[in-house]
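What follows is a set of notes on a single structure, which appears directly below.
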Amino acid sequence: VQLQASGGGLVQAGGSLRLSCAASGRPFSNYVMAWFRQAPEKEREFVAAVSWTGGRTRYADSVKGRFIISVVKARNTVHLQMNSLKPEDTAVYYCATTFFQGSHYGPPDPSVPYNYWGQGTLVTVSS
């Protein structure tokens with residue numbers, strides 16, 4: 001499995017960015033796709049996840065109502081639309097995926113280990 005993240009950059013507070021994660025290497029039925037982020041000197045944290053089959057989503061409270069995660073199956077791509085960005089959203093964003101048998105019910109608890117990770121893409125939000 002390979003994951004290629006893109007779309008990071010510099011944006012002013014209140015602006016928007018869309019991250020993309022191109023997935024390849026196998027069929028992704030029963031897989032969950034997710035975004036995590038890590039700010040300087042902080043631990044990595046869960047941002048959002050989506051079930052490849054069914055499209056059910058899960059969000060961290062800190063981004064709920066501002067970020068939207070979606071899957072474009074025809075392109076094997078997962079997007080993270082980030083709106084109303086805040087300086088505290090500044091971080092390196094990573095896409096990840098893992099097999100989850102119950103994925104049609106929705107993404108698992110964020111504490112579930114993700115087995116495959118892409119390289120990060122830096123998002124910087126200026127105040």
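Residue names in the structure tokens use chain letters A, B, ... in the order shown, residue numbers from 1 in each chain, and ligand numbers from 1 in the order shown.
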Report task. Tell me which protein, DNA and RNA residues are within 8 Å of Gly7 in chain A, counting only C-alpha atoms, leaving out same-chain ones fewer than 3 positions away, and put them as a VMD selection string. Result -> chain A and resid 17 to 20 121
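The list of residues with at least one atom within 7 Å of Gln2 in chain A, based on only C-alpha atoms and without residues fewer than 6 positions apart in the same chain, reads Ala23, Ser24, Gly25 and Gly118 of chain A.
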Requested in this report: Extract, using only C-alpha atoms, all DNA, RNA and protein residues at most 7 Å from Asp89 in chain A, discarding same-chain residues fewer than 3 positions from it, and format them as a VMD selection string.
Outcome: chain A and resid 85 to 86 125
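Among the candidate residues A:Asn83, A:Thr90, A:Gln38, A:Thr97, the one lying nearest to Thr124 in chain A is A:Thr90, with distances computed using only C-alpha atoms.
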Requested in this report: Give the strand (DSSP E or B) residues of chain A, as assigned by DSSP on the backbone, as a ChimeraX atom specification.
Outcome: /A:2-6,9-12,17-24,31-38,45-51,57-59,67-72,77-82,91-99,116-117,121-126
**Report entry** Residue nearest Ser103 in chain A - candidates A:Val11, A:Lys42, A:Ser6, A:Ser51, atoms counted: only C-alpha atoms
**Finding:** A:Ser51
**Report entry** Residue contacts of Tyr94 in chain A (12 Å, only C-alpha atoms) excluding same-chain residues fewer than 6 positions away, as a PyMOL selection string
**Finding:** chain A and resi 3-8+19-22+33-39+44-49+78-80+114+116-123
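The space separating CA of Ser127 in chain A from CA of Cys95 in chain A comes to 25.4 Å.
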**Report entry** Proximity to Tyr105 in chain A - best of A:Val50, A:Val1, A:Leu10, A:Val63, only C-alpha atoms
**Finding:** A:Val50
